[in-house]
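What follows is the content of upload-v5.pdb, which has PDB, C-alpha atoms and all ligand atoms:
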```
ATOM      1  CA  MET Q   1      -9.608 -13.762 -15.615
ATOM      2  CA  LYS Q   2     -12.280 -11.295 -16.629
ATOM      3  CA  ASP Q   3     -12.744  -9.010 -19.650
ATOM      4  CA  CYS Q   4     -14.125  -5.742 -18.302
ATOM      5  CA  ASN Q   5     -15.218  -2.513 -19.947
ATOM      6  CA  PHE Q   6     -13.453   0.266 -18.054
ATOM      7  CA  LYS Q   7     -13.953   4.009 -18.345
ATOM      8  CA  ILE Q   8     -10.822   6.128 -18.818
ATOM      9  CA  ALA Q   9     -10.753   8.669 -15.977
ATOM     10  CA  GLN Q  10      -7.257   9.994 -16.744
ATOM     11  CA  ASN Q  11      -4.653   9.464 -19.473
ATOM     12  CA  GLU Q  12      -1.824  11.979 -19.154
ATOM     13  CA  PRO Q  13       1.940  12.149 -19.625
ATOM     14  CA  ILE Q  14       3.952  12.061 -16.362
ATOM     15  CA  ALA Q  15       7.452  11.970 -17.917
ATOM     16  CA  ARG Q  16       8.919  11.949 -21.438
ATOM     17  CA  GLY Q  17       6.991   9.287 -23.389
ATOM     18  CA  ILE Q  18       5.449   7.903 -20.170
ATOM     19  CA  TYR Q  19       1.700   8.033 -19.528
ATOM     20  CA  LYS Q  20      -0.419   7.378 -16.474
ATOM     21  CA  MET Q  21      -3.858   5.966 -17.161
ATOM     22  CA  ILE Q  22      -6.520   5.705 -14.474
ATOM     23  CA  LEU Q  23      -9.420   3.388 -15.284
ATOM     24  CA  GLU Q  24     -12.723   3.029 -13.496
ATOM     25  CA  GLY Q  25     -14.512  -0.307 -13.515
ATOM     26  CA  ASP Q  26     -14.528  -3.825 -12.148
ATOM     27  CA  THR Q  27     -11.163  -4.607 -10.533
ATOM     28  CA  SER Q  28     -12.366  -7.665  -8.615
ATOM     29  CA  GLU Q  29     -10.136 -10.157 -10.482
ATOM     30  CA  ILE Q  30      -6.914  -8.301  -9.640
ATOM     31  CA  THR Q  31      -5.656 -10.051  -6.532
ATOM     32  CA  ALA Q  32      -1.885  -9.500  -6.286
ATOM     33  CA  SER Q  33       0.864  -7.001  -7.015
ATOM     34  CA  GLY Q  34       2.969  -8.104  -9.982
ATOM     35  CA  GLN Q  35      -0.077  -9.142 -11.996
ATOM     36  CA  PHE Q  36      -0.790  -7.563 -15.363
ATOM     37  CA  VAL Q  37      -3.763  -6.728 -17.561
ATOM     38  CA  ASN Q  38      -4.202  -7.030 -21.318
ATOM     39  CA  VAL Q  39      -5.578  -3.942 -23.059
ATOM     40  CA  ARG Q  40      -7.723  -4.245 -26.217
ATOM     41  CA  LEU Q  41      -7.120  -1.469 -28.728
ATOM     42  CA  ASP Q  42      -9.317  -0.879 -31.760
ATOM     43  CA  GLY Q  43      -7.553  -1.949 -34.976
ATOM     44  CA  PHE Q  44      -5.015  -4.227 -33.246
ATOM     45  CA  TYR Q  45      -5.330  -8.007 -33.289
ATOM     46  CA  LEU Q  46      -3.165  -8.600 -30.203
ATOM     47  CA  ARG Q  47      -3.873  -6.988 -26.867
ATOM     48  CA  ARG Q  48      -1.082  -5.053 -25.110
ATOM     49  CA  PRO Q  49       0.065  -6.352 -21.687
ATOM     50  CA  ILE Q  50       0.601  -3.673 -19.017
ATOM     51  CA  SER Q  51       1.455  -4.241 -15.343
ATOM     52  CA  VAL Q  52      -0.889  -3.290 -12.550
ATOM     53  CA  CYS Q  53       0.709  -0.204 -10.967
ATOM     54  CA  ASP Q  54      -1.994   0.351  -8.375
ATOM     55  CA  VAL Q  55      -5.482  -0.911  -7.680
ATOM     56  CA  GLU Q  56      -8.352  -0.056  -5.378
ATOM     57  CA  PRO Q  57     -11.904  -1.304  -5.600
ATOM     58  CA  GLY Q  58     -13.247   0.205  -8.843
ATOM     59  CA  LYS Q  59     -10.006   2.000  -9.775
ATOM     60  CA  LEU Q  60      -6.989   0.691 -11.705
ATOM     61  CA  THR Q  61      -3.774   2.633 -12.433
ATOM     62  CA  LEU Q  62      -1.470   1.748 -15.334
ATOM     63  CA  ILE Q  63       1.769   3.438 -16.371
ATOM     64  CA  TYR Q  64       3.031   2.825 -19.875
ATOM     65  CA  LYS Q  65       5.665   4.022 -22.296
ATOM     66  CA  THR Q  66       4.904   4.811 -25.925
ATOM     67  CA  VAL Q  67       7.199   2.484 -27.892
ATOM     68  CA  GLY Q  68       5.137   1.559 -30.947
ATOM     69  CA  ARG Q  69       1.783   1.838 -32.702
ATOM     70  CA  GLY Q  70      -0.258   0.189 -29.942
ATOM     71  CA  THR Q  71       0.958   2.331 -27.069
ATOM     72  CA  GLU Q  72       0.832   5.439 -29.316
ATOM     73  CA  ALA Q  73      -2.856   4.667 -29.980
ATOM     74  CA  MET Q  74      -3.390   4.144 -26.247
ATOM     75  CA  SER Q  75      -1.876   7.549 -25.440
ATOM     76  CA  ALA Q  76      -4.401   9.235 -27.778
ATOM     77  CA  LEU Q  77      -7.468   7.784 -26.011
ATOM     78  CA  PRO Q  78      -9.580  10.548 -24.461
ATOM     79  CA  GLU Q  79     -10.941  10.779 -20.932
ATOM     80  CA  GLY Q  80     -14.415   9.287 -20.722
ATOM     81  CA  ALA Q  81     -13.793   6.686 -23.461
ATOM     82  CA  GLY Q  82     -14.381   2.987 -22.806
ATOM     83  CA  LEU Q  83     -11.571   0.421 -22.845
ATOM     84  CA  PHE Q  84     -11.843  -3.380 -22.723
ATOM     85  CA  VAL Q  85      -9.211  -4.796 -20.398
ATOM     86  CA  LEU Q  86      -8.595  -8.441 -19.540
ATOM     87  CA  THR Q  87      -7.872  -8.462 -15.793
ATOM     88  CA  GLY Q  88      -6.484 -10.943 -13.287
ATOM     89  CA  LEU Q  89      -3.531 -12.172 -15.381
ATOM     90  CA  GLY Q  90      -0.274 -13.584 -14.018
ATOM     91  CA  ASN Q  91       0.882 -14.963 -10.698
ATOM     92  CA  GLY Q  92       2.164 -11.838  -8.920
ATOM     93  CA  TYR Q  93       4.902 -11.417  -6.320
ATOM     94  CA  ASP Q  94       5.333 -13.692  -3.338
ATOM     95  CA  LEU Q  95       5.242 -11.420  -0.281
ATOM     96  CA  ALA Q  96       5.902 -14.211   2.213
ATOM     97  CA  SER Q  97       9.648 -14.276   1.363
ATOM     98  CA  ALA Q  98      10.134 -10.493   1.761
ATOM     99  CA  GLY Q  99      11.675 -10.453   5.255
ATOM    100  CA  ASP Q 100      12.059  -7.279   7.342
ATOM    101  CA  ALA Q 101      13.918  -5.102   4.838
ATOM    102  CA  PRO Q 102      13.091  -5.973   1.222
ATOM    103  CA  LEU Q 103      14.784  -4.229  -1.684
ATOM    104  CA  LEU Q 104      12.803  -3.290  -4.808
ATOM    105  CA  ILE Q 105      14.792  -2.673  -8.001
ATOM    106  CA  GLY Q 106      13.066  -1.214 -11.061
ATOM    107  CA  GLY Q 107      14.209   0.059 -14.433
ATOM    108  CA  GLY Q 108      12.096   2.352 -16.647
ATOM    109  CA  VAL Q 109       8.617   0.900 -17.137
ATOM    110  CA  GLY Q 110       9.655  -1.970 -14.865
ATOM    111  CA  VAL Q 111       9.039   0.466 -11.987
ATOM    112  CA  PRO Q 112       5.171   0.530 -12.069
ATOM    113  CA  PRO Q 113       4.429  -2.989 -10.705
ATOM    114  CA  LEU Q 114       6.798  -2.305  -7.803
ATOM    115  CA  TYR Q 115       4.532   0.512  -6.594
ATOM    116  CA  LEU Q 116       1.657  -1.758  -5.551
ATOM    117  CA  LEU Q 117       4.202  -4.208  -4.143
ATOM    118  CA  ALA Q 118       5.788  -1.419  -2.046
ATOM    119  CA  LYS Q 119       2.363  -0.346  -0.814
ATOM    120  CA  GLU Q 120       1.563  -3.887   0.324
ATOM    121  CA  LEU Q 121       4.964  -4.427   1.976
ATOM    122  CA  VAL Q 122       4.806  -1.086   3.828
ATOM    123  CA  ALA Q 123       1.297  -1.965   5.047
ATOM    124  CA  GLN Q 124       2.791  -5.165   6.494
ATOM    125  CA  GLY Q 125       5.272  -3.070   8.483
ATOM    126  CA  ARG Q 126       8.370  -3.879   6.429
ATOM    127  CA  ARG Q 127      11.168  -1.374   5.822
ATOM    128  CA  VAL Q 128      11.172  -1.002   2.042
ATOM    129  CA  ARG Q 129      14.077   0.340   0.005
ATOM    130  CA  VAL Q 130      13.653   1.169  -3.677
ATOM    131  CA  VAL Q 131      16.348   1.646  -6.306
ATOM    132  CA  MET Q 132      14.940   2.896  -9.590
ATOM    133  CA  GLY Q 133      16.922   3.491 -12.763
ATOM    134  CA  PHE Q 134      16.229   5.623 -15.834
ATOM    135  CA  ASN Q 135      18.215   6.827 -18.831
ATOM    136  CA  THR Q 136      17.875  10.526 -18.166
ATOM    137  CA  ALA Q 137      16.183  13.094 -15.889
ATOM    138  CA  ASP Q 138      13.098  13.703 -18.020
ATOM    139  CA  GLU Q 139      12.181  10.000 -17.917
ATOM    140  CA  VAL Q 140      12.078   9.824 -14.102
ATOM    141  CA  PHE Q 141       8.674   9.205 -12.533
ATOM    142  CA  TYR Q 142       7.106   8.102  -9.227
ATOM    143  CA  GLU Q 143      10.039   9.015  -6.949
ATOM    144  CA  LYS Q 144       7.736  11.110  -4.726
ATOM    145  CA  GLU Q 145       4.971   8.487  -4.812
ATOM    146  CA  PHE Q 146       7.329   5.818  -3.421
ATOM    147  CA  SER Q 147       8.723   8.278  -0.823
ATOM    148  CA  ASP Q 148       5.185   9.197   0.251
ATOM    149  CA  LEU Q 149       4.542   5.516   0.986
ATOM    150  CA  GLY Q 150       7.477   5.652   3.414
ATOM    151  CA  CYS Q 151      10.083   3.928   1.216
ATOM    152  CA  GLU Q 152      13.752   4.929   1.134
ATOM    153  CA  VAL Q 153      14.264   5.780  -2.541
ATOM    154  CA  THR Q 154      17.428   6.014  -4.664
ATOM    155  CA  VAL Q 155      17.192   7.149  -8.287
ATOM    156  CA  THR Q 156      19.902   6.503 -10.858
ATOM    157  CA  THR Q 157      20.225   7.928 -14.362
ATOM    158  CA  VAL Q 158      22.635   6.606 -16.965
ATOM    159  CA  ASP Q 159      23.747  10.113 -17.990
ATOM    160  CA  GLY Q 160      23.894  11.445 -14.425
ATOM    161  CA  SER Q 161      21.320  14.189 -15.146
ATOM    162  CA  TYR Q 162      19.329  13.218 -12.017
ATOM    163  CA  GLY Q 163      20.147  11.259  -8.859
ATOM    164  CA  LYS Q 164      23.185   9.002  -8.865
ATOM    165  CA  ARG Q 165      25.009   8.524 -12.177
ATOM    166  CA  GLY Q 166      25.036   4.976 -13.512
ATOM    167  CA  PHE Q 167      22.852   1.874 -13.454
ATOM    168  CA  VAL Q 168      20.731   0.428 -10.648
ATOM    169  CA  THR Q 169      23.561  -2.021  -9.989
ATOM    170  CA  ASP Q 170      25.787   0.975  -9.057
ATOM    171  CA  ALA Q 171      23.416   1.927  -6.229
ATOM    172  CA  LEU Q 172      22.499  -1.337  -4.517
ATOM    173  CA  PRO Q 173      22.644  -1.389  -0.710
ATOM    174  CA  GLU Q 174      24.808  -4.058   0.925
ATOM    175  CA  GLU Q 175      22.094  -5.444   3.148
ATOM    176  CA  TYR Q 176      18.514  -6.462   2.437
ATOM    177  CA  SER Q 177      16.348  -9.402   3.384
ATOM    178  CA  HIS Q 178      15.084 -10.307  -0.114
ATOM    179  CA  TYR Q 179      14.885  -8.504  -3.440
ATOM    180  CA  TYR Q 180      12.303  -7.953  -6.175
ATOM    181  CA  CYS Q 181      13.332  -6.806  -9.642
ATOM    182  CA  CYS Q 182      11.474  -5.659 -12.763
ATOM    183  CA  GLY Q 183      12.887  -4.007 -15.870
ATOM    184  CA  PRO Q 184      14.447  -4.641 -19.273
ATOM    185  CA  LEU Q 185      16.191  -7.998 -19.794
ATOM    186  CA  PRO Q 186      19.804  -6.667 -19.651
ATOM    187  CA  MET Q 187      18.978  -5.061 -16.291
ATOM    188  CA  LEU Q 188      17.439  -8.269 -14.929
ATOM    189  CA  LYS Q 189      20.586 -10.182 -15.878
ATOM    190  CA  ALA Q 190      22.878  -7.555 -14.321
ATOM    191  CA  VAL Q 191      20.880  -7.588 -11.075
ATOM    192  CA  TYR Q 192      20.891 -11.399 -11.046
ATOM    193  CA  ARG Q 193      24.711 -11.321 -11.206
ATOM    194  CA  ALA Q 194      25.104  -8.465  -8.710
ATOM    195  CA  CYS Q 195      22.652  -9.447  -5.959
ATOM    196  CA  ALA Q 196      23.362 -12.099  -3.374
ATOM    197  CA  GLY Q 197      20.551 -13.813  -1.507
ATOM    198  CA  SER Q 198      17.025 -14.686  -2.549
ATOM    199  CA  GLY Q 199      15.039 -12.724  -5.096
ATOM    200  CA  GLN Q 200      12.181 -12.597  -7.571
ATOM    201  CA  PHE Q 201      12.246 -11.319 -11.144
ATOM    202  CA  SER Q 202       9.312 -10.011 -13.113
ATOM    203  CA  PHE Q 203       9.589 -10.591 -16.886
ATOM    204  CA  GLU Q 204       8.009  -8.445 -19.567
ATOM    205  CA  GLU Q 205       8.387 -10.841 -22.518
ATOM    206  CA  ARG Q 206       6.638 -10.242 -25.808
ATOM    207  CA  MET Q 207       3.310 -12.041 -25.665
ATOM    208  CA  GLY Q 208       0.659 -13.504 -27.923
ATOM    209  CA  CYS Q 209      -2.632 -14.458 -26.293
ATOM    210  CA  GLY Q 210      -1.593 -13.368 -22.776
ATOM    211  CA  PHE Q 211      -3.586 -16.056 -20.950
ATOM    212  CA  GLY Q 212      -1.818 -19.360 -21.508
ATOM    213  CA  ALA Q 213      -3.249 -20.645 -24.781
ATOM    214  CA  CYS Q 214      -0.592 -20.045 -27.467
ATOM    215  CA  MET Q 215       2.732 -21.007 -25.757
ATOM    216  CA  GLY Q 216       4.222 -17.895 -27.405
ATOM    217  CA  CYS Q 217       5.805 -16.755 -24.143
ATOM    218  CA  SER Q 218       7.209 -20.122 -23.071
ATOM    219  CA  VAL Q 219      10.670 -20.104 -21.415
ATOM    220  CA  LYS Q 220      12.891 -22.868 -20.065
ATOM    221  CA  THR Q 221      13.253 -22.854 -16.262
ATOM    222  CA  ALA Q 222      14.844 -25.158 -13.702
ATOM    223  CA  ASN Q 223      11.311 -26.535 -13.154
ATOM    224  CA  GLY Q 224      10.598 -27.209 -16.845
ATOM    225  CA  TYR Q 225       9.028 -24.912 -19.432
ATOM    226  CA  LYS Q 226       6.853 -22.116 -18.070
ATOM    227  CA  ARG Q 227       4.539 -19.644 -19.753
ATOM    228  CA  ILE Q 228       5.455 -16.141 -18.639
ATOM    229  CA  CYS Q 229       1.846 -14.980 -19.017
ATOM    230  CA  ARG Q 230       0.344 -17.687 -16.842
ATOM    231  CA  ASP Q 231       3.073 -19.224 -14.664
ATOM    232  CA  GLY Q 232       4.814 -15.792 -14.433
ATOM    233  CA  PRO Q 233       5.463 -12.978 -15.034
ATOM    234  CA  VAL Q 234       7.266 -13.390 -11.702
ATOM    235  CA  LEU Q 235       9.894 -16.139 -11.435
ATOM    236  CA  LYS Q 236      12.020 -16.959  -8.409
ATOM    237  CA  LYS Q 237      15.764 -16.459  -8.832
ATOM    238  CA  GLU Q 238      16.585 -20.143  -8.414
ATOM    239  CA  GLU Q 239      14.306 -21.279 -11.252
ATOM    240  CA  ILE Q 240      15.632 -18.895 -13.904
ATOM    241  CA  ILE Q 241      17.740 -20.223 -16.792
ATOM    242  CA  TRP Q 242      19.020 -17.365 -18.947
ATOM    243  CA  GLN Q 243      18.817 -18.219 -22.643
ATOM    244  CA  ASP Q 244      22.044 -16.454 -23.675
TER     245      ASP Q 244
HETATM  246  C1  LIG Q 301       3.743  -8.869 -18.322
HETATM  247  C2  LIG Q 301       4.076  -7.580 -19.026
HETATM  248  C3  LIG Q 301       3.931  -6.390 -18.346
HETATM  249  C4  LIG Q 301       4.241  -5.184 -18.994
HETATM  250  N1  LIG Q 301       4.078  -4.032 -18.287
HETATM  251  C5  LIG Q 301       4.335  -2.856 -18.881
HETATM  252  C6  LIG Q 301       4.111  -1.637 -18.173
HETATM  253  O1  LIG Q 301       3.662  -1.615 -17.014
HETATM  254  N2  LIG Q 301       4.364  -0.481 -18.826
HETATM  255  C7  LIG Q 301       4.852  -0.464 -20.125
HETATM  256  O2  LIG Q 301       5.098   0.613 -20.663
HETATM  257  N3  LIG Q 301       5.072  -1.604 -20.806
HETATM  258  C8  LIG Q 301       4.809  -2.786 -20.228
HETATM  259  N4  LIG Q 301       5.005  -3.947 -20.936
HETATM  260  C9  LIG Q 301       5.507  -3.861 -22.329
HETATM  261  C10 LIG Q 301       4.332  -3.497 -23.253
HETATM  262  O3  LIG Q 301       3.437  -4.583 -23.306
HETATM  263  C11 LIG Q 301       4.866  -3.212 -24.679
HETATM  264  O4  LIG Q 301       5.695  -2.079 -24.635
HETATM  265  C12 LIG Q 301       3.712  -2.943 -25.632
HETATM  266  O5  LIG Q 301       2.961  -4.120 -25.820
HETATM  267  C13 LIG Q 301       4.254  -2.475 -26.964
HETATM  268  O6  LIG Q 301       3.165  -2.291 -27.848
HETATM  269  P1  LIG Q 301       3.274  -1.337 -29.112
HETATM  270  O7  LIG Q 301       2.199  -1.717 -30.075
HETATM  271  O8  LIG Q 301       3.325   0.082 -28.683
HETATM  272  O9  LIG Q 301       4.706  -1.664 -29.690
HETATM  273  P2  LIG Q 301       5.068  -2.665 -30.868
HETATM  274  O10 LIG Q 301       4.764  -1.970 -32.166
HETATM  275  O11 LIG Q 301       4.497  -4.001 -30.605
HETATM  276  O12 LIG Q 301       6.639  -2.695 -30.647
HETATM  277  C14 LIG Q 301       7.410  -1.472 -30.736
HETATM  278  C15 LIG Q 301       8.797  -1.695 -30.164
HETATM  279  O13 LIG Q 301       8.712  -2.053 -28.768
HETATM  280  C16 LIG Q 301       9.314  -3.314 -28.562
HETATM  281  N5  LIG Q 301       8.499  -4.079 -27.608
HETATM  282  C17 LIG Q 301       7.219  -4.487 -27.763
HETATM  283  N6  LIG Q 301       6.800  -5.208 -26.707
HETATM  284  C18 LIG Q 301       7.843  -5.251 -25.852
HETATM  285  C19 LIG Q 301       8.062  -5.856 -24.586
HETATM  286  N7  LIG Q 301       7.143  -6.605 -23.986
HETATM  287  N8  LIG Q 301       9.259  -5.675 -24.001
HETATM  288  C20 LIG Q 301      10.215  -4.959 -24.607
HETATM  289  N9  LIG Q 301      10.080  -4.375 -25.809
HETATM  290  C21 LIG Q 301       8.919  -4.526 -26.429
HETATM  291  C22 LIG Q 301       9.328  -3.980 -29.912
HETATM  292  O14 LIG Q 301      10.384  -4.931 -30.025
HETATM  293  C23 LIG Q 301       9.550  -2.816 -30.833
HETATM  294  O15 LIG Q 301      10.904  -2.454 -30.896
HETATM  295  C24 LIG Q 301       4.707  -5.171 -20.332
HETATM  296  C25 LIG Q 301       4.843  -6.384 -21.014
HETATM  297  C26 LIG Q 301       4.539  -7.566 -20.373
HETATM  298  C27 LIG Q 301       4.648  -8.850 -21.127
HETATM  299  S1  LIG Q 302       1.225 -15.406 -24.467
HETATM  300 FE1  LIG Q 302       0.066 -17.115 -25.146
HETATM  301  S2  LIG Q 302       0.702 -18.673 -23.746
HETATM  302 FE2  LIG Q 302       1.640 -16.874 -22.967
END
```
Structure encoded using structure tokens:
Amino acid sequence: MKDCNFKIAQNEPIARGIYKMILEGDTSEITASGQFVNVRLDGFYLRRPISVCDVEPGKLTLIYKTVGRGTEAMSALPEGAGLFVLTGLGNGYDLASAGDAPLLIGGGVGVPPLYLLAKELVAQGRRVRVVMGFNTADEVFYEKEFSDLGCEVTVTTVDGSYGKRGFVTDALPEEYSHYYCCGPLPMLKAVYRACAGSGQFSFEERMGCGFGACMGCSVKTANGYKRICRDGPVLKKEEIIWQD
């Protein structure tokens, strides 16, 4: 875990209410897809957790949705400004279980961490399929980016204004070797019910400290209580106990 002062190289909208931020700085602590960072914003006591969408040495990409005061403030930050970001948080996805033909399922701002995962899986020679769900056409992002990696991509929208009408669970292929899922809680639960076989789920719980000190993100699992920020955000299917 390392608190680094990054420089904002880009901070632009890529879909309705969705921004892509490219940061330049020390990315050495980011070691796995599925990890997240915690962004410090002036005037806010708590940092905001955002998933690692992509990383290269010296360059970090985040994609975030403006949902409240913190992310609104983030969207107003100009290019060239400095930003303190706590890096190297969370466990990340387990790639060893992926098999030959993994399926990646993302909903809304649950899609970004799947990008780095897809990149890693494609580099390992696996045939990657992606199903990504949004509410409506103007919220869709990163379809081309996943296709350019060589993934087979299906997009769903709830109102049918783009891609296949419905939810991600209406567009799941019958066969896959393992699945990875990230998105809002109702989507995670629906995918858990709909998907047979082994899988991993990435949780985006509300957080306090973000690095294991406050227990604010603690959830009950089949292996005892776990802190989503430190022992997650990725949990294996078999250890999940849904609270309601
Ligand atoms: C591990 C992790 C990874 C995340 N990755 C991303 C990401 O890649 N991109 C992205 O856009 N967001 C991501 N989030 C969610 C993001 O942290 C919140 O949207 C953000 O902190 C909200 O801050 P705010 O000040 O704008 O909103 P607030 O003023 O704090 O809240 C505004 C509204 O958003 C809701 N909200 C706040 N936090 C969350 C949350 N974690 N989940 C669902 N609803 C929330 C609140 O209930 C409220 O209705 C992630 C969260 C976690 C824990
Ligand atoms: S947010 Fe503090 S322990 Fe997880």
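Using all atoms listed in the file, the nearest neighbour of ligand LIG 302 (chain Q) within the list Q:Met215, Q:Val67, Q:Leu114, Q:Met21 is Q:Met215.
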* Could you list, as a VMD selection string, all the residues within 10 Å of ligand LIG 302 (chain Q), counting all atoms listed in the file? -> chain Q and resid 46 49 90 205 to 219 226 to 233
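Of the residues listed (Q:Val109, Q:Leu104, Q:Leu116, Q:Val85), Q:Val109 shows the shortest atom-to-atom separation from Leu185 of chain Q; distances use all atoms listed in the file.
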* Can you tell me, as a list of chain:residue names, what residues are no more than 10 Å from Cys182 of chain Q when counting only C-alpha atoms, ignoring any on the same chain fewer than 4 positions away? -> Q:Gly34, Q:Leu104, Q:Ile105, Q:Gly106, Q:Gly107, Q:Gly108, Q:Val109, Q:Gly110, Q:Val111, Q:Pro112, Q:Pro113, Q:Leu114, Q:Met132, Q:Met187, Q:Leu188, Q:Val191, Q:Gln200, Q:Phe201, Q:Ser202, Q:Phe203, Q:Glu204, Q:Pro233, Q:Val234
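Closest approach to ligand LIG 301 (chain Q) from the set Q:Leu149, Q:Val55, Q:Val128, Q:Ile50 is made by Q:Ile50, with distances taken over only C-alpha atoms and all ligand atoms.
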* Write out as a PyMOL selection string which residues come within 8 Å of Pro102 of chain Q when counting all atoms listed in the file, dropping same-chain ones fewer than 4 positions away. => chain Q and resi 98+126-129+176-180
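Residues surrounding Glu139 of chain Q within 10 Å are Ile14, Ala15, Arg16, Gly17, Ile18, Lys65, Gly108, Val109, Gly133, Phe134, Asn135, Thr136, Thr157 and Tyr162 of chain Q [all atoms listed in the file; sequence separation below 3 positions excluded].
Each of Q:Glu143, Q:Asp26, Q:Glu72, Q:Glu174 was checked against ligand LIG 301 (chain Q) using all atoms listed in the file; the smallest atom-to-atom distance is that of Q:Glu72.
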* Structure fact -> Nearest to Phe6 of chain Q, restricted to all atoms listed in the file and choosing among Q:Glu239, Q:Glu24, Q:Asp94, Q:Glu175, comes out as Q:Glu24
Could you add whatever atoms are missing so that segment 21-32 of chain Q carries N, CA, C and O atoms, then write the result as a JSON list (two decimals), in the frame of the given file?
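Final output, saved to rebuild_7.json:
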```json
[["chain", "number", "residue", "atom", "x", "y", "z"],
["Q", 21, "MET", "N", -2.44, 6.13, -16.81],
["Q", 21, "MET", "CA", -3.86, 5.97, -17.16],
["Q", 21, "MET", "C", -4.61, 5.46, -15.94],
["Q", 21, "MET", "O", -4.23, 4.44, -15.35],
["Q", 22, "ILE", "N", -5.66, 6.18, -15.57],
["Q", 22, "ILE", "CA", -6.52, 5.70, -14.47],
["Q", 22, "ILE", "C", -7.83, 5.23, -15.08],
["Q", 22, "ILE", "O", -8.46, 5.94, -15.88],
["Q", 23, "LEU", "N", -8.21, 4.00, -14.73],
["Q", 23, "LEU", "CA", -9.42, 3.39, -15.28],
["Q", 23, "LEU", "C", -10.41, 3.11, -14.17],
["Q", 23, "LEU", "O", -10.02, 2.70, -13.07],
["Q", 24, "GLU", "N", -11.68, 3.32, -14.47],
["Q", 24, "GLU", "CA", -12.72, 3.03, -13.50],
["Q", 24, "GLU", "C", -13.54, 1.85, -14.00],
["Q", 24, "GLU", "O", -13.96, 1.84, -15.17],
["Q", 25, "GLY", "N", -13.74, 0.87, -13.12],
["Q", 25, "GLY", "CA", -14.51, -0.31, -13.52],
["Q", 25, "GLY", "C", -14.28, -1.45, -12.54],
["Q", 25, "GLY", "O", -13.81, -1.24, -11.42],
["Q", 26, "ASP", "N", -14.55, -2.64, -13.00],
["Q", 26, "ASP", "CA", -14.53, -3.82, -12.15],
["Q", 26, "ASP", "C", -13.09, -4.35, -11.98],
["Q", 26, "ASP", "O", -12.51, -4.90, -12.91],
["Q", 27, "THR", "N", -12.54, -4.17, -10.79],
["Q", 27, "THR", "CA", -11.16, -4.61, -10.53],
["Q", 27, "THR", "C", -11.12, -5.90, -9.70],
["Q", 27, "THR", "O", -10.06, -6.26, -9.18],
["Q", 28, "SER", "N", -12.26, -6.56, -9.58],
["Q", 28, "SER", "CA", -12.37, -7.66, -8.62],
["Q", 28, "SER", "C", -11.42, -8.84, -8.90],
["Q", 28, "SER", "O", -11.07, -9.59, -7.99],
["Q", 29, "GLU", "N", -11.00, -9.01, -10.15],
["Q", 29, "GLU", "CA", -10.14, -10.16, -10.48],
["Q", 29, "GLU", "C", -8.66, -9.88, -10.19],
["Q", 29, "GLU", "O", -7.83, -10.79, -10.30],
["Q", 30, "ILE", "N", -8.32, -8.64, -9.90],
["Q", 30, "ILE", "CA", -6.91, -8.30, -9.64],
["Q", 30, "ILE", "C", -6.64, -8.57, -8.17],
["Q", 30, "ILE", "O", -7.18, -7.89, -7.29],
["Q", 31, "THR", "N", -5.79, -9.57, -7.91],
["Q", 31, "THR", "CA", -5.66, -10.05, -6.53],
["Q", 31, "THR", "C", -4.25, -9.90, -5.96],
["Q", 31, "THR", "O", -4.06, -10.14, -4.77],
["Q", 32, "ALA", "N", -3.26, -9.54, -6.80],
["Q", 32, "ALA", "CA", -1.88, -9.50, -6.29],
["Q", 32, "ALA", "C", -1.06, -8.47, -7.04],
["Q", 32, "ALA", "O", -1.26, -8.25, -8.23]]
```
